[in-house]
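**Student:** Coordinates in data.txt, compact mmCIF, C-alpha atoms, are listed below.
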# COMPACT_ATOMS: atom_id res chain seq x y z
CA MET A 1 -103.68 68.14 68.37
CA VAL A 2 -103.38 71.26 66.22
CA CYS A 3 -105.46 73.28 68.63
CA SER A 4 -103.51 72.09 71.69
CA ASN A 5 -100.19 72.95 70.04
CA LEU A 6 -101.46 76.38 69.15
CA VAL A 7 -102.50 76.93 72.76
CA GLU A 8 -99.11 75.77 74.05
CA ARG A 9 -97.30 78.16 71.69
CA GLY A 10 -99.52 81.07 72.57
CA ARG A 11 -101.23 81.38 69.21
CA ILE A 12 -104.68 80.76 70.61
CA SER A 13 -106.03 82.51 73.64
CA LEU A 14 -107.62 80.54 76.48
CA ASP A 15 -110.33 83.19 76.78
CA PRO A 16 -113.66 81.26 76.72
CA SER A 17 -115.23 83.96 74.57
CA ASN A 18 -112.68 83.27 71.81
CA THR A 19 -112.50 79.49 72.10
CA SER A 20 -115.67 78.71 70.16
CA SER A 21 -114.75 81.12 67.36
CA HIS A 22 -111.33 79.48 66.99
CA ILE A 23 -112.93 76.03 66.84
CA PHE A 24 -115.33 77.18 64.13
CA ASP A 25 -112.41 78.73 62.25
CA HIS A 26 -110.56 75.41 62.29
CA LEU A 27 -113.65 73.48 61.24
CA SER A 28 -114.26 75.95 58.42
CA ASP A 29 -110.63 75.64 57.31
CA MET A 30 -110.87 71.85 57.41
CA ARG A 31 -114.06 71.88 55.32
CA LYS A 32 -112.46 74.19 52.77
CA ARG A 33 -109.43 71.93 52.41
CA ILE A 34 -111.56 68.79 52.10
CA ILE A 35 -113.55 70.49 49.33
CA ILE A 36 -110.29 71.38 47.55
CA VAL A 37 -109.12 67.75 47.72
CA ILE A 38 -112.46 66.44 46.43
CA ALA A 39 -112.47 69.03 43.63
CA THR A 40 -108.90 68.07 42.69
CA PHE A 41 -109.92 64.43 42.50
CA LEU A 42 -112.99 65.16 40.38
CA ILE A 43 -111.07 67.38 37.96
CA SER A 44 -108.30 64.78 37.71
CA PHE A 45 -110.88 62.07 37.17
CA VAL A 46 -112.48 63.95 34.27
CA ILE A 47 -109.11 64.64 32.63
CA CYS A 48 -107.99 61.02 33.07
CA PHE A 49 -111.29 59.78 31.65
CA LEU A 50 -110.75 61.90 28.55
CA TYR A 51 -107.38 60.19 28.05
CA VAL A 52 -108.35 56.79 29.41
CA ASP A 53 -107.50 55.08 26.10
CA PHE A 54 -103.85 55.99 26.57
CA ILE A 55 -103.94 54.74 30.17
CA TYR A 56 -105.57 51.50 29.06
CA GLN A 57 -103.04 50.89 26.27
CA PHE A 58 -100.14 51.58 28.61
CA LEU A 59 -101.37 49.23 31.35
CA THR A 60 -102.29 46.38 28.98
CA ASN A 61 -98.90 46.26 27.25
CA ARG A 62 -97.91 43.49 29.65
CA SER A 63 -100.92 41.30 28.95
CA GLY A 64 -99.70 39.99 25.58
CA GLU A 65 -103.22 39.66 24.22
CA LYS A 66 -106.49 41.52 23.98
CA LEU A 67 -108.58 41.30 27.08
CA THR A 68 -112.18 40.13 27.21
CA ILE A 69 -115.28 41.87 28.51
CA LEU A 70 -118.45 40.06 29.50
CA GLY A 71 -120.94 42.81 28.79
CA PRO A 72 -121.35 46.31 27.38
CA THR A 73 -121.33 47.92 30.80
CA ASP A 74 -117.89 46.43 31.53
CA VAL A 75 -116.25 48.95 29.20
CA LEU A 76 -117.61 51.91 31.15
CA THR A 77 -116.86 50.26 34.51
CA ILE A 78 -113.25 49.49 33.59
CA TYR A 79 -112.63 52.93 32.14
CA MET A 80 -114.04 54.56 35.26
CA ARG A 81 -111.86 52.38 37.50
CA LEU A 82 -108.74 53.24 35.54
CA SER A 83 -109.61 56.93 35.62
CA ALA A 84 -110.23 56.76 39.37
CA TRP A 85 -106.89 55.03 40.05
CA ALA A 86 -105.03 57.62 38.01
CA ALA A 87 -106.94 60.45 39.68
CA VAL A 88 -106.05 59.12 43.13
CA ALA A 89 -102.34 59.07 42.21
CA ILE A 90 -102.59 62.68 40.99
CA THR A 91 -104.53 63.79 44.06
CA ILE A 92 -102.05 62.37 46.61
CA PRO A 93 -99.61 65.33 46.60
CA PHE A 94 -102.48 67.85 46.62
CA ALA A 95 -104.10 66.09 49.58
CA ALA A 96 -100.76 65.97 51.41
CA PHE A 97 -100.28 69.70 50.82
CA GLN A 98 -103.74 70.47 52.25
CA ILE A 99 -102.99 68.37 55.34
CA TRP A 100 -99.73 70.26 55.72
CA GLY A 101 -101.56 73.57 55.35
CA PHE A 102 -104.04 72.58 58.05
CA VAL A 103 -101.43 71.57 60.66
CA SER A 104 -98.77 74.16 59.76
CA PRO A 105 -100.08 76.86 62.17
CA ALA A 106 -99.19 74.51 65.03
CA LEU A 107 -95.62 74.03 63.74
CA THR A 108 -92.47 76.06 64.10
CA THR A 109 -90.79 77.55 61.02
CA ARG A 110 -88.25 74.70 61.02
CA GLU A 111 -91.00 72.08 61.33
CA ARG A 112 -92.91 73.66 58.44
CA GLN A 113 -89.84 73.47 56.20
CA VAL A 114 -89.17 69.84 57.11
CA THR A 115 -92.74 68.63 56.70
CA LEU A 116 -93.15 70.50 53.41
CA MET A 117 -90.36 68.36 51.94
CA TYR A 118 -92.46 65.26 52.63
CA ILE A 119 -95.03 66.17 49.96
CA PRO A 120 -92.99 65.64 46.76
CA ALA A 121 -91.17 62.70 48.38
CA LEU A 122 -94.50 61.08 49.21
CA PHE A 123 -95.62 61.25 45.60
CA LEU A 124 -92.28 60.20 44.07
CA LEU A 125 -91.89 57.17 46.33
CA PHE A 126 -95.48 56.09 45.68
CA ILE A 127 -94.96 56.30 41.91
CA SER A 128 -91.55 54.57 42.18
CA GLY A 129 -93.12 51.65 44.03
CA ALA A 130 -95.90 51.37 41.46
CA MET A 131 -93.41 51.45 38.56
CA PHE A 132 -91.19 48.83 40.19
CA ALA A 133 -94.16 46.53 40.70
CA TYR A 134 -95.55 47.12 37.20
CA PHE A 135 -92.35 46.85 35.15
CA ILE A 136 -90.50 44.16 37.14
CA LEU A 137 -92.71 42.21 39.50
CA PHE A 138 -96.04 42.05 37.68
CA PRO A 139 -94.74 40.62 34.35
CA MET A 140 -92.93 37.79 36.15
CA VAL A 141 -95.90 36.82 38.28
CA TYR A 142 -98.38 37.22 35.42
CA GLN A 143 -96.45 34.98 33.04
CA PHE A 144 -95.82 32.43 35.77
CA VAL A 145 -99.51 32.17 36.64
CA LEU A 146 -100.47 31.81 32.98
CA GLY A 147 -97.78 29.15 32.55
CA LEU A 148 -99.42 27.01 35.22
CA SER A 149 -102.18 26.14 32.77
CA ASN A 150 -99.79 23.97 30.68
CA ASN A 151 -102.24 24.34 27.78
CA ASN A 152 -104.84 22.45 29.82
CA PHE A 153 -107.22 25.39 29.71
CA GLN A 154 -108.45 27.81 27.11
CA LEU A 155 -107.42 31.15 28.53
CA LEU A 156 -110.09 33.81 28.55
CA ILE A 157 -108.80 36.73 30.58
CA THR A 158 -111.29 39.44 31.38
CA ALA A 159 -110.17 43.04 31.65
CA SER A 160 -111.68 43.26 35.12
CA ASP A 161 -109.65 40.29 36.42
CA TYR A 162 -106.50 41.55 34.74
CA PHE A 163 -106.62 44.98 36.37
CA SER A 164 -107.66 43.57 39.74
CA PHE A 165 -104.68 41.20 39.60
CA MET A 166 -102.37 44.09 38.65
CA LEU A 167 -103.63 46.33 41.45
CA ALA A 168 -103.09 43.55 44.01
CA PHE A 169 -99.36 43.72 43.25
CA CYS A 170 -98.77 47.37 42.45
CA LEU A 171 -100.59 48.91 45.41
CA PRO A 172 -98.71 47.05 48.22
CA PHE A 173 -95.34 47.93 46.71
CA SER A 174 -96.39 51.54 46.30
CA VAL A 175 -97.01 51.56 50.06
CA LEU A 176 -93.78 49.66 50.88
CA PHE A 177 -91.72 52.23 49.01
CA GLU A 178 -92.95 54.84 51.49
CA LEU A 179 -90.85 53.15 54.22
CA PRO A 180 -87.93 55.66 54.11
CA LEU A 181 -90.37 58.55 54.42
CA VAL A 182 -92.14 56.92 57.37
CA VAL A 183 -88.80 56.29 59.11
CA LEU A 184 -87.78 59.90 58.45
CA PHE A 185 -90.99 61.15 60.04
CA LEU A 186 -90.66 58.83 63.06
CA SER A 187 -87.01 59.82 63.46
CA HIS A 188 -87.96 63.50 63.60
CA LEU A 189 -90.46 62.62 66.32
CA GLY A 190 -87.81 60.64 68.21
CA ILE A 191 -89.80 57.39 68.09
CA VAL A 192 -87.10 55.48 66.19
CA ASN A 193 -83.34 55.93 65.84
CA PRO A 194 -80.64 54.21 63.72
CA TYR A 195 -79.51 52.03 66.61
CA ARG A 196 -82.95 50.51 67.08
CA LEU A 197 -83.32 49.96 63.35
CA ALA A 198 -79.87 48.33 63.17
CA LYS A 199 -80.78 45.94 66.00
CA LEU A 200 -83.94 44.99 64.08
CA ARG A 201 -81.99 44.33 60.86
CA LYS A 202 -82.08 40.52 61.06
CA PRO A 203 -85.82 40.17 61.79
CA ALA A 204 -86.52 42.87 59.20
CA TYR A 205 -84.52 40.98 56.56
CA PHE A 206 -86.40 37.81 57.46
CA LEU A 207 -89.75 39.56 57.10
CA LEU A 208 -88.75 41.11 53.78
CA SER A 209 -87.60 37.69 52.55
CA ILE A 210 -90.99 36.22 53.39
CA ILE A 211 -92.69 39.07 51.50
CA SER A 212 -90.51 38.58 48.42
CA ILE A 213 -91.03 34.82 48.39
CA SER A 214 -94.78 35.21 48.87
CA VAL A 215 -95.36 37.57 45.96
CA THR A 216 -92.97 36.11 43.37
CA PRO A 217 -92.83 32.89 41.34
CA PRO A 218 -90.88 30.02 43.01
CA ASP A 219 -87.47 30.73 41.49
CA ILE A 220 -84.42 32.30 43.10
CA ILE A 221 -83.93 35.00 40.45
CA SER A 222 -87.40 36.44 40.95
CA ASP A 223 -86.96 36.36 44.72
CA ILE A 224 -83.66 38.25 44.49
CA LEU A 225 -85.06 40.86 42.08
CA VAL A 226 -87.71 41.74 44.64
CA LEU A 227 -85.72 41.22 47.84
CA VAL A 228 -82.73 43.41 46.92
CA PRO A 229 -84.77 46.63 46.43
CA LEU A 230 -86.67 45.97 49.67
CA ILE A 231 -83.44 45.51 51.61
CA GLY A 232 -82.09 48.63 49.92
CA LEU A 233 -85.13 50.56 51.14
CA TYR A 234 -84.53 49.35 54.69
CA GLU A 235 -80.85 50.29 54.60
CA LEU A 236 -81.78 53.66 53.12
CA SER A 237 -84.17 54.12 56.03
CA ILE A 238 -81.37 53.40 58.50
CA GLY A 239 -79.14 55.92 56.73
CA ILE A 240 -81.85 58.58 56.81
CA SER A 241 -82.53 57.91 60.47
CA ARG A 242 -78.79 58.20 61.22
CA ILE A 243 -78.60 61.62 59.56
CA VAL A 244 -81.66 62.91 61.40
CA TYR A 245 -80.45 61.49 64.72
CA ARG A 246 -76.99 63.08 64.33
CA LYS A 247 -78.49 66.47 63.55
CA LYS A 248 -80.82 66.15 66.51
CA LEU A 249 -77.88 65.43 68.81
CA GLU A 250 -75.99 68.40 67.43
CA ARG A 251 -78.94 70.69 68.07
CA GLU A 252 -79.31 69.43 71.60
CA GLN A 253 -75.53 69.43 72.14
CA ILE A 254 -75.59 65.85 73.39
CA THR A 255 -72.89 63.33 72.61
CA PRO A 256 -73.88 59.71 71.78
CA GLY A 257 -73.59 57.03 74.41
Rewrite the structure from the file as structure tokens, please.
**Tutor:**
Amino acid sequence: MVCSNLVERGRISLDPSNTSSHIFDHLSDMRKRIIIVIATFLISFVICFLYVDFIYQFLTNRSGEKLTILGPTDVLTIYMRLSAWAAVAITIPFAAFQIWGFVSPALTTRERQVTLMYIPALFLLFISGAMFAYFILFPMVYQFVLGLSNNNFQLLITASDYFSFMLAFCLPFSVLFELPLVVLFLSHLGIVNPYRLAKLRKPAYFLLSIISISVTPPDIISDILVLVPLIGLYELSIGISRIVYRKKLEREQITPG
């Protein structure tokens, strides 16, 4: 895709003698950027591992009790998992920037400016989704599940199960909070527009309602606390698409309808 766009815009010659050298240049650039991303992850992993106690204390504040381990190797395994999760979150914007750097030669100046804005937004929305899930959704679900025992069981919660349970809730919402950014990207490509999104409002609300009911305890307050932000994200997506669509029409000097 990058190579074809470069050819179309005259930045790569169709001379067979130069084609192979350009391909090797792109492969070399890709390898360099992949190495940078891997190095960023490894450095972030080491730093996070040095401060893993702080990460552990922060994430276990919602547990209400000390967690259990089943063997000496569990400590190292859990600390490495926590460090890896934190390192992935740190690496996301760096990886996005390297992807942007790789495809930017095939973009116009305007397209470079627009796509560059996606990088901080990508990271902020991901973190916002994780924080929403951790501070609001996870405590409700966690306490509800523990309450199902009705003192019929002696609770012995392992650290591994606790963090796996937490990740199962935080990760999907981190991805869901990227919805406005995805809609913005698709709107720039012309794949979606505000009118299509508005027509899909009812089925989208129904789908979001199913999601909120599925991941929350069976009470109306919990459902509303999750559903309202999801609906807000969808409406925000429509608003973003409307702005992009209007600007696109202005550039093309086309009137709606």
**Student:** Could you tell me which of A:Phe163, A:Tyr142, A:Phe153, A:Phe173 comes closest to Leu125 in chain A if we count all atoms listed in the file?
**Tutor:**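 Between A:Phe163, A:Tyr142, A:Phe153, A:Phe173, the residue approaching Leu125 in chain A most closely is A:Phe173.
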**Student:** As an exercise, work out the distance from CA of Ala106 in chain A to CA of Phe24 in chain A in Å and give it to one decimal place.
**Tutor:**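 Taking CA of Ala106 in chain A and CA of Phe24 in chain A, their separation equals 16.4 Å.
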**Student:** Hey, could you make a per-residue contact list for range 129-176 of chain A against range 82-87 of chain A with 12 Å as the cut-off, showing the nearest pair of atoms and its distance in Å to one decimal, counting all atoms listed in the file, sorted by chain and number, as a tab-separated table?
**Tutor:**
residue	atom	partner	partner_atom	distance
A:Ala130	CA	A:Ala86	CA	11.6
A:Ala159	CA	A:Leu82	CA	11.0
A:Ser160	CA	A:Leu82	CA	10.4
A:Tyr162	CA	A:Leu82	CA	11.9
A:Phe163	CA	A:Leu82	CA	8.6
A:Ser164	CA	A:Leu82	CA	10.6
A:Met166	CA	A:Leu82	CA	11.6
A:Leu167	CA	A:Trp85	CA	9.4
A:Cys170	CA	A:Trp85	CA	11.4
A:Leu171	CA	A:Trp85	CA	10.3
**Student:** Can you write out as a tab-separated table which residues of range 114-170 of chain A fall within 7 Å of range 51-71 of chain A, alongside each residue's closest atom pair and its distance in Å to one decimal, counting all atoms listed in the file and ordering rows by chain and ascending residue number?
**Tutor:**
residue	atom	partner	partner_atom	distance
A:Pro139	CA	A:Arg62	CA	6.4
A:Leu156	CA	A:Thr68	CA	6.8
A:Ile157	CA	A:Leu67	CA	5.8
A:Thr158	CA	A:Thr68	CA	4.3
A:Ala159	CA	A:Leu67	CA	5.1
**Student:** Would you compute the distance between CA of Leu146 in chain A and CA of Phe165 in chain A? Give it in Å to one decimal.
**Tutor:**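 About the pair CA of Leu146 in chain A and CA of Phe165 in chain A: they are 12.2 Å apart.
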**Student:** Do a neighbour search on range 188-195 of chain A at 9 Å with only C-alpha atoms, toss out local chain neighbours closer than 6 positions, and write the hits as a list in words.
**Tutor:**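 Listing them by chain and then by number gives Ser237, Ile238, Gly239, Ile240, Ser241, Arg242, Ile243, Val244, Tyr245 and Lys248 of chain A.
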**Student:** Hey, what's within 12 Å of Gly232 in chain A if we count all atoms listed in the file and toss same-chain stuff fewer than 4 positions away? As a short mmCIF file (atom, residue, chain, number, x, y, z; two decimals) with C-alpha atoms, in the coordinates of the input, please?
**Tutor:**
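Final file, result-v5.cif:
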data_model
loop_
_atom_site.label_atom_id
_atom_site.label_comp_id
_atom_site.auth_asym_id
_atom_site.auth_seq_id
_atom_site.Cartn_x
_atom_site.Cartn_y
_atom_site.Cartn_z
CA LEU A 176 -93.78 49.66 50.88
CA PHE A 177 -91.72 52.23 49.01
CA LEU A 179 -90.85 53.15 54.22
CA PRO A 180 -87.93 55.66 54.11
CA ARG A 201 -81.99 44.33 60.86
CA ALA A 204 -86.52 42.87 59.20
CA TYR A 205 -84.52 40.98 56.56
CA LEU A 208 -88.75 41.11 53.78
CA ILE A 224 -83.66 38.25 44.49
CA LEU A 225 -85.06 40.86 42.08
CA VAL A 226 -87.71 41.74 44.64
CA LEU A 227 -85.72 41.22 47.84
CA VAL A 228 -82.73 43.41 46.92
CA LEU A 236 -81.78 53.66 53.12
CA SER A 237 -84.17 54.12 56.03
CA ILE A 238 -81.37 53.40 58.50
CA GLY A 239 -79.14 55.92 56.73
#
**Student:** How many Å lie between CA of Pro105 in chain A and CA of Ile127 in chain A, rounded to one decimal?
**Tutor:**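 If I compute the distance from CA of Pro105 in chain A to CA of Ile127 in chain A, I get 29.3 Å.
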**Student:** Would you write out, as JSON lines, a table of all residues in range 89-186 of chain A that have an atom no more than 9 Å from an atom of range 30-44 of chain A, listing for each the closest atom pair and the distance in Å to one decimal, considering only C-alpha atoms and ordering rows by chain and rising residue number?
**Tutor:**
{"residue": "A:Ile90", "atom": "CA", "partner": "A:Ser44", "partner_atom": "CA", "distance": 6.9}
{"residue": "A:Thr91", "atom": "CA", "partner": "A:Phe41", "partner_atom": "CA", "distance": 5.6}
{"residue": "A:Ile92", "atom": "CA", "partner": "A:Val37", "partner_atom": "CA", "distance": 9.0}
{"residue": "A:Phe94", "atom": "CA", "partner": "A:Val37", "partner_atom": "CA", "distance": 6.7}
{"residue": "A:Ala95", "atom": "CA", "partner": "A:Val37", "partner_atom": "CA", "distance": 5.6}
{"residue": "A:Gln98", "atom": "CA", "partner": "A:Arg33", "partner_atom": "CA", "distance": 5.9}
{"residue": "A:Ile99", "atom": "CA", "partner": "A:Arg33", "partner_atom": "CA", "distance": 7.9}
{"residue": "A:Gly101", "atom": "CA", "partner": "A:Arg33", "partner_atom": "CA", "distance": 8.6}
{"residue": "A:Phe102", "atom": "CA", "partner": "A:Met30", "partner_atom": "CA", "distance": 6.9}
**Student:** Restricting it to C-alpha atoms, dump the selection as a CSV table (one decimal), keeping the file's coordinate frame.
**Tutor:**
chain,number,residue,atom,x,y,z
A,90,ILE,CA,-102.6,62.7,41.0
A,91,THR,CA,-104.5,63.8,44.1
A,92,ILE,CA,-102.0,62.4,46.6
A,94,PHE,CA,-102.5,67.8,46.6
A,95,ALA,CA,-104.1,66.1,49.6
A,98,GLN,CA,-103.7,70.5,52.2
A,99,ILE,CA,-103.0,68.4,55.3
A,101,GLY,CA,-101.6,73.6,55.4
A,102,PHE,CA,-104.0,72.6,58.0
**Student:** Between A:Val75, A:Leu186, A:Ile211, A:Ala168, which is the closest to Ala133 in chain A once you count only C-alpha atoms?
**Tutor:**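 The answer is A:Ala168, which sits nearest to Ala133 in chain A.
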**Student:** Hey, which of A:Phe169, A:Phe144, A:Tyr234, A:Phe49 ends up closest to Lys202 in chain A? Count only C-alpha atoms.
**Tutor:**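 Between A:Phe169, A:Phe144, A:Tyr234, A:Phe49, the residue approaching Lys202 in chain A most closely is A:Tyr234.
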**Student:** With distances taken over all atoms listed in the file, which of A:Asn152, A:Ser174, A:Phe185, A:Phe135 is nearest to Leu116 in chain A?
**Tutor:**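 Between A:Asn152, A:Ser174, A:Phe185, A:Phe135, the residue approaching Leu116 in chain A most closely is A:Phe185.
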**Student:** When you count only C-alpha atoms, which of these residues is closest to Phe97 in chain A: A:Met80, A:Met117, A:Val145, A:Glu111?
**Tutor:**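 So, comparing all the options, the nearest one is A:Met117.
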